[in-house]
$ cat my_file_27.cif   # mmCIF, C-alpha atoms
data_run
#
loop_
_atom_site.label_atom_id
_atom_site.label_comp_id
_atom_site.auth_asym_id
_atom_site.auth_seq_id
_atom_site.Cartn_x
_atom_site.Cartn_y
_atom_site.Cartn_z
CA LEU A 546 108.79 99.53 92.02
CA LYS A 547 112.03 99.77 94.05
CA ALA A 548 111.44 103.53 94.43
CA LYS A 549 109.42 105.95 96.54
CA PRO A 550 107.09 108.52 94.90
CA TYR A 551 109.11 111.00 92.78
CA GLU A 552 112.38 109.36 93.82
CA ARG A 553 115.13 109.22 91.20
CA THR A 554 117.02 105.96 91.39
CA GLU A 555 118.59 103.53 88.95
CA GLU A 556 116.75 100.65 90.67
CA ARG A 557 113.29 101.95 89.67
CA GLN A 558 111.38 99.32 87.65
CA ALA A 559 108.27 101.28 86.66
CA TYR A 560 106.13 104.33 87.48
CA ARG A 561 102.92 104.68 89.45
CA ASN A 562 99.78 105.31 87.45
CA GLY A 563 97.05 105.90 90.03
CA HIS A 564 94.60 103.15 90.85
CA ARG A 565 91.50 101.45 89.48
CA GLU A 566 88.36 100.36 91.26
CA LYS A 567 87.83 96.62 91.48
CA PRO A 568 84.47 95.23 92.72
CA LEU A 569 84.79 91.96 94.63
CA VAL A 570 81.86 89.89 95.91
CA THR A 571 82.71 88.41 99.33
CA ARG A 572 80.95 86.56 102.15
CA ILE A 573 80.25 89.90 103.87
CA GLY A 574 78.90 91.65 100.79
CA ARG A 575 80.20 93.56 97.79
CA LEU A 576 83.46 95.47 98.26
CA VAL A 577 85.03 98.04 95.96
CA LEU A 578 88.83 97.82 96.18
CA GLU A 579 91.32 100.40 94.95
CA VAL A 580 93.98 98.41 93.06
CA PRO A 581 97.25 100.24 92.33
CA ARG A 582 98.31 100.55 88.70
CA VAL A 583 101.74 100.97 87.13
CA ARG A 584 102.51 102.19 83.61
CA SER A 585 104.15 98.93 82.61
CA GLY A 586 100.96 97.06 83.52
CA LYS A 587 102.92 94.26 85.22
CA PHE A 588 101.65 94.77 88.77
CA SER A 589 99.18 92.24 90.13
CA THR A 590 98.00 91.72 93.70
CA GLU A 591 98.09 88.41 95.56
CA MET A 592 94.65 89.09 97.08
CA PHE A 593 92.89 87.73 94.00
CA GLU A 594 93.69 86.38 90.54
CA ARG A 595 93.36 88.44 87.38
CA TYR A 596 89.72 88.83 86.28
CA GLN A 597 88.51 87.26 89.54
CA ARG A 598 85.27 88.91 90.65
CA SER A 599 84.30 86.78 93.66
CA GLU A 600 86.12 85.74 96.81
CA GLN A 601 87.39 82.18 96.59
CA ALA A 602 85.96 81.26 100.00
CA LEU A 603 82.51 82.37 98.83
CA LEU A 604 82.76 80.24 95.70
CA LEU A 605 83.79 77.22 97.80
CA ALA A 606 80.77 77.84 100.04
CA LEU A 607 78.48 77.83 96.99
CA MET A 608 79.96 74.53 95.83
CA GLU A 609 79.48 73.11 99.33
CA MET A 610 75.79 74.06 99.14
CA VAL A 611 75.44 72.12 95.89
CA VAL A 612 77.18 69.08 97.40
CA ASN A 613 74.62 69.14 100.21
CA GLY A 614 71.73 69.08 97.77
CA VAL A 615 70.79 72.77 97.52
CA SER A 616 69.41 73.66 94.08
CA THR A 617 71.03 76.36 91.94
CA ARG A 618 67.90 78.49 92.35
CA LYS A 619 68.14 78.35 96.15
CA VAL A 620 71.88 79.00 96.02
CA ARG A 621 71.18 82.22 94.10
CA ALA A 622 68.56 83.22 96.68
CA VAL A 623 70.94 82.62 99.60
CA VAL A 624 73.73 84.66 97.98
CA LYS A 625 71.35 87.54 97.25
CA GLU A 626 70.11 87.52 100.85
CA LEU A 627 73.59 87.40 102.43
CA CYS A 628 75.70 89.40 99.98
CA GLY A 629 73.17 91.67 98.30
CA THR A 630 74.18 90.46 94.83
CA GLU A 631 73.06 87.79 92.39
CA PHE A 632 74.82 84.94 90.63
CA SER A 633 73.30 83.64 87.42
CA LYS A 634 72.32 79.99 87.16
CA SER A 635 74.99 79.53 84.51
CA THR A 636 77.64 80.89 86.92
CA VAL A 637 76.59 78.41 89.60
CA SER A 638 76.61 75.62 87.00
CA GLU A 639 80.14 76.58 85.94
CA LEU A 640 81.24 76.41 89.58
CA CYS A 641 79.72 72.93 89.85
CA LYS A 642 81.95 71.76 87.00
CA ARG A 643 84.90 72.16 89.37
CA LEU A 644 83.38 69.31 91.37
CA ASP A 645 83.46 66.91 88.41
CA PRO A 646 87.03 65.61 89.01
CA LEU A 647 86.25 65.03 92.71
CA VAL A 648 83.02 63.19 91.92
CA LYS A 649 84.73 61.09 89.24
CA ALA A 650 87.54 60.09 91.62
CA TRP A 651 85.00 59.09 94.28
CA ASN A 652 82.80 57.21 91.80
CA GLU A 653 85.76 55.24 90.43
CA ARG A 654 87.51 54.50 93.75
CA ASP A 655 88.84 51.04 94.55
CA LEU A 656 86.36 48.76 96.38
CA SER A 657 88.67 45.79 96.96
CA GLU A 658 89.74 46.74 100.49
CA LYS A 659 86.39 45.66 102.01
CA GLU A 660 83.75 43.03 101.46
CA TYR A 661 80.11 44.03 101.02
CA PRO A 662 77.84 41.06 101.85
CA PHE A 663 74.64 43.07 101.37
CA ILE A 664 73.95 45.11 98.24
CA LEU A 665 70.89 47.28 97.55
CA VAL A 666 70.39 48.45 93.97
CA ASP A 667 67.83 50.74 92.39
CA ALA A 668 67.43 53.29 89.60
CA LEU A 669 66.39 56.92 89.74
CA VAL A 670 64.96 58.69 86.69
CA ILE A 671 66.24 62.28 86.34
CA LYS A 672 66.23 65.02 83.73
CA VAL A 673 69.63 65.70 82.12
CA ARG A 674 70.75 68.08 79.38
CA LYS A 675 72.23 66.06 76.54
CA GLY A 676 72.86 67.15 72.97
CA GLY A 677 71.17 70.49 73.58
CA ARG A 678 67.95 68.89 74.83
CA VAL A 679 66.57 67.90 78.23
CA ARG A 680 65.98 64.15 78.33
CA SER A 681 64.98 61.53 80.90
CA GLN A 682 67.72 59.09 81.86
CA SER A 683 68.15 56.45 84.52
CA VAL A 684 70.77 56.73 87.25
CA LEU A 685 71.73 53.24 88.44
CA ILE A 686 72.78 53.26 92.10
CA ALA A 687 74.33 50.57 94.30
CA CYS A 688 74.51 50.83 98.08
CA GLY A 689 76.55 48.28 100.03
CA VAL A 690 76.66 47.25 103.69
CA ASN A 691 80.15 46.12 104.75
CA ARG A 692 80.99 43.52 107.39
CA ASP A 693 81.21 46.22 110.06
CA GLY A 694 77.58 47.10 109.42
CA TYR A 695 78.21 50.47 107.76
CA ARG A 696 76.29 51.44 104.64
CA GLU A 697 78.15 53.07 101.76
CA VAL A 698 77.19 54.25 98.28
CA LEU A 699 79.37 52.12 95.99
CA GLY A 700 78.78 53.97 92.76
CA LEU A 701 76.34 55.33 90.24
CA MET A 702 76.09 55.23 86.47
CA ILE A 703 73.82 57.02 84.00
CA GLY A 704 72.10 54.77 81.48
CA ASP A 705 69.49 55.18 78.75
CA SER A 706 67.15 52.62 80.31
CA GLU A 707 66.78 49.94 82.99
CA SER A 708 67.48 47.08 80.59
CA GLU A 709 69.29 43.86 81.42
CA ALA A 710 72.25 45.00 79.30
CA THR A 711 72.51 48.32 81.18
CA TRP A 712 72.36 46.62 84.59
CA SER A 713 74.92 44.04 83.44
CA GLU A 714 77.28 46.83 82.41
CA PHE A 715 76.79 48.47 85.81
CA PHE A 716 77.47 45.29 87.80
CA GLY A 717 80.49 44.44 85.66
CA TRP A 718 81.87 47.94 86.34
CA LEU A 719 81.43 47.48 90.11
CA LYS A 720 83.19 44.11 90.05
CA LYS A 721 86.03 45.53 87.96
CA ARG A 722 86.54 48.12 90.72
CA GLY A 723 86.91 45.30 93.25
CA LEU A 724 83.40 44.58 94.57
CA LYS A 725 83.48 41.16 96.28
CA GLY A 726 81.93 39.05 99.04
CA VAL A 727 78.33 39.68 97.94
CA ASP A 728 75.89 37.35 99.74
CA LEU A 729 72.51 39.07 99.35
CA VAL A 730 71.22 41.51 96.73
CA VAL A 731 68.02 43.50 97.28
CA SER A 732 66.14 45.13 94.40
CA ASP A 733 62.72 45.59 92.88
CA ASP A 734 61.18 42.90 90.68
CA HIS A 735 62.28 44.41 87.35
CA ARG A 736 62.92 41.35 85.16
CA GLY A 737 66.01 42.72 83.40
CA LEU A 738 67.54 43.75 86.73
CA VAL A 739 66.87 40.36 88.36
CA ASN A 740 68.39 38.51 85.37
CA ALA A 741 71.52 40.67 85.53
CA ILE A 742 71.83 39.95 89.27
CA MET A 743 71.59 36.19 88.67
CA ILE A 744 74.34 36.40 86.03
CA HIS A 745 76.83 38.60 87.89
CA PHE A 746 76.28 37.40 91.48
CA GLN A 747 75.94 33.66 91.13
CA GLY A 748 75.68 32.01 94.54
CA ALA A 749 74.23 35.12 96.16
CA SER A 750 70.60 35.27 97.26
CA TRP A 751 68.14 37.78 95.83
CA GLN A 752 65.41 39.44 97.86
CA ARG A 753 62.59 41.59 96.55
CA CYS A 754 62.60 45.08 98.04
CA GLN A 755 59.69 45.28 100.47
CA THR A 756 59.15 49.00 99.86
CA HIS A 757 58.70 48.41 96.12
CA PHE A 758 56.52 45.37 96.90
CA VAL A 759 54.16 47.46 99.04
CA ARG A 760 53.99 50.13 96.32
CA ASN A 761 53.10 47.46 93.76
CA ILE A 762 50.30 46.21 96.01
CA LEU A 763 48.91 49.70 96.57
CA GLU A 764 48.84 50.28 92.80
CA ALA A 765 46.53 47.25 92.47
CA CYS A 766 44.42 47.80 95.58
CA PRO A 767 42.20 50.88 96.12
#
$ encode --input "my_file_27.cif" --output "structure tokens"
Amino acid sequence: LKAKPYERTEERQAYRNGHREKPLVTRIGRLVLEVPRVRSGKFSTEMFERYQRSEQALLLALMEMVVNGVSTRKVRAVVKELCGTEFSKSTVSELCKRLDPLVKAWNERDLSEKEYPFILVDALVIKVRKGGRVRSQSVLIACGVNRDGYREVLGLMIGDSESEATWSEFFGWLKKRGLKGVDLVVSDDHRGLVNAIMIHFQGASWQRCQTHFVRNILEACP
């Protein structure tokens, strides 16, 4: 304000107008802060952004939980136990949207710097909300082992089914990102998947996944 209380000076920019209470949810619980007010309404603190109700470090911790596989329901339970307050599932979901650009950058990263002689591919059926309804969709996943022996998730793509066309689109996407040096591909015996492998990785060997093979046997044998 460029002026002390009740001081008359030409440099004064505004006048004090008491304070307002601002609740802020932090890692150590819920705090009630007294935020100064001025009549011009231009004052804002650097402690938090306008309309911010939760400490940024707490929000980052919630996002870190989600990255490590904790469900939104369990995240809510942890926050209630530690901070004595609740976050709605929608709030946690909105926080997760901040991860989208990071996930997209990772999922579209360049693969041309290394060779991956061994590739393992499979699909996981999950429930997703699409068009206002919850539907079942397949997540196609590829895991590669590089020449140093380290395993790495190469990418994932959501598809409507495990058809040959869907798998072909997935493999074409991986190759466009620079996937090379493939010598052996391991998968289950899904016919559309095997056909797509033969088309996109000519010269590479295919091996049936032994885990899926055992499951198939157990389905037929009591």
$ atom_distance --input "my_file_27.cif" --atom1 "CA of Lys659 (chain A)" --atom2 "CA of Val690 (chain A)"
10.0 Å
$ resolve_selection --input "my_file_27.cif" --expression "the PyMOL selection byres ((chain A and resi 692) around 9)" --output "list of chain:residue names"
A:Lys659, A:Glu660, A:Tyr661, A:Pro662, A:Phe663, A:Val690, A:Asn691, A:Asp693, A:Gly694, A:Tyr695
$ closest_residue --input "my_file_27.cif" --among "A:Leu699, A:Ala710, A:Val611, A:Val759" --to "Gly737 (chain A)" --atoms "all atoms listed in the file"
A:Ala710
$ resolve_selection --input "my_file_27.cif" --expression "the PyMOL selection byres ((chain A and resi 551-560) around 12)" --output "PyMOL selection string"
chain A and resi 546-550+561-563+581-588
$ residues_near_point --input "my_file_27.cif" --point "(68.8, 57.8, 82.7)" --cutoff "6 Å" --atoms "all atoms listed in the file" --output "PDB file with C-alpha atoms, in the frame of the given file"
ATOM      1  CA  VAL A 670      64.960  58.690  86.690  1.00  0.00           C
ATOM      2  CA  SER A 681      64.980  61.530  80.900  1.00  0.00           C
ATOM      3  CA  GLN A 682      67.720  59.090  81.860  1.00  0.00           C
ATOM      4  CA  SER A 683      68.150  56.450  84.520  1.00  0.00           C
ATOM      5  CA  VAL A 684      70.770  56.730  87.250  1.00  0.00           C
ATOM      6  CA  ILE A 703      73.820  57.020  84.000  1.00  0.00           C
ATOM      7  CA  GLY A 704      72.100  54.770  81.480  1.00  0.00           C
ATOM      8  CA  ASP A 705      69.490  55.180  78.750  1.00  0.00           C
ATOM      9  CA  SER A 706      67.150  52.620  80.310  1.00  0.00           C
TER      10      SER A 706
END
$ resolve_selection --input "my_file_27.cif" --expression "the PyMOL selection byres ((chain A and resi 746) around 10)" --output "list in words"
Phe716, Lys720, Lys725, Gly726, Val727, Asp728, Leu729, Val730, Ala741, Ile742, Met743, Ile744, His745, Gln747, Gly748, Ala749, Ser750 and Trp751 of chain A
$ atom_distance --input "my_file_27.cif" --atom1 "CA of Pro568 (chain A)" --atom2 "CA of Lys634 (chain A)"
20.3 Å
$ decode --input "my_file_27.cif" --residues "region 553-573 of chain A" --atoms "N, CA and C atoms" --output "short mmCIF file (atom, residue, chain, number, x, y, z; two decimals), in the first residue's frame"
data_model
loop_
_atom_site.label_atom_id
_atom_site.label_comp_id
_atom_site.auth_asym_id
_atom_site.auth_seq_id
_atom_site.Cartn_x
_atom_site.Cartn_y
_atom_site.Cartn_z
N ARG A 553 -0.88 9.57 6.23
CA ARG A 553 -1.25 10.37 5.07
C ARG A 553 0.00 10.56 4.20
N THR A 554 -0.06 10.07 2.99
CA THR A 554 1.07 10.20 2.08
C THR A 554 0.56 10.12 0.64
N GLU A 555 1.24 10.86 -0.22
CA GLU A 555 0.84 10.87 -1.63
C GLU A 555 1.16 9.54 -2.32
N GLU A 556 2.01 8.72 -1.71
CA GLU A 556 2.39 7.44 -2.33
C GLU A 556 1.38 6.34 -2.05
N ARG A 557 0.41 6.59 -1.17
CA ARG A 557 -0.57 5.54 -0.83
C ARG A 557 -1.31 5.07 -2.09
N GLN A 558 -1.43 3.73 -2.22
CA GLN A 558 -2.09 3.15 -3.40
C GLN A 558 -3.50 2.66 -3.11
N ALA A 559 -3.78 2.34 -1.85
CA ALA A 559 -5.13 1.86 -1.51
C ALA A 559 -5.27 1.90 0.01
N TYR A 560 -6.43 1.43 0.51
CA TYR A 560 -6.69 1.46 1.95
C TYR A 560 -7.00 0.05 2.45
N ARG A 561 -6.57 -0.21 3.68
CA ARG A 561 -6.85 -1.49 4.30
C ARG A 561 -8.35 -1.67 4.52
N ASN A 562 -8.76 -2.95 4.43
CA ASN A 562 -10.18 -3.23 4.61
C ASN A 562 -10.37 -4.52 5.41
N GLY A 563 -9.60 -4.65 6.50
CA GLY A 563 -9.72 -5.82 7.35
C GLY A 563 -9.10 -7.06 6.72
N HIS A 564 -9.70 -8.21 7.00
CA HIS A 564 -9.21 -9.46 6.44
C HIS A 564 -10.40 -10.41 6.24
N ARG A 565 -10.14 -11.47 5.50
CA ARG A 565 -11.15 -12.51 5.30
C ARG A 565 -10.53 -13.86 5.63
N GLU A 566 -11.36 -14.77 6.06
CA GLU A 566 -10.87 -16.10 6.41
C GLU A 566 -10.83 -16.98 5.15
N LYS A 567 -9.73 -17.66 4.98
CA LYS A 567 -9.53 -18.50 3.82
C LYS A 567 -9.15 -19.92 4.27
N PRO A 568 -10.04 -20.91 4.12
CA PRO A 568 -9.67 -22.29 4.47
C PRO A 568 -8.74 -22.89 3.40
N LEU A 569 -7.71 -23.58 3.85
CA LEU A 569 -6.76 -24.20 2.93
C LEU A 569 -6.44 -25.60 3.43
N VAL A 570 -6.68 -26.60 2.58
CA VAL A 570 -6.40 -27.99 2.94
C VAL A 570 -4.93 -28.28 2.63
N THR A 571 -4.17 -28.69 3.63
CA THR A 571 -2.73 -28.94 3.47
C THR A 571 -2.40 -30.37 3.89
N ARG A 572 -1.12 -30.72 3.76
CA ARG A 572 -0.67 -32.06 4.16
C ARG A 572 -0.79 -32.29 5.66
N ILE A 573 -0.85 -31.23 6.45
CA ILE A 573 -0.93 -31.37 7.91
C ILE A 573 -2.34 -31.10 8.42
#
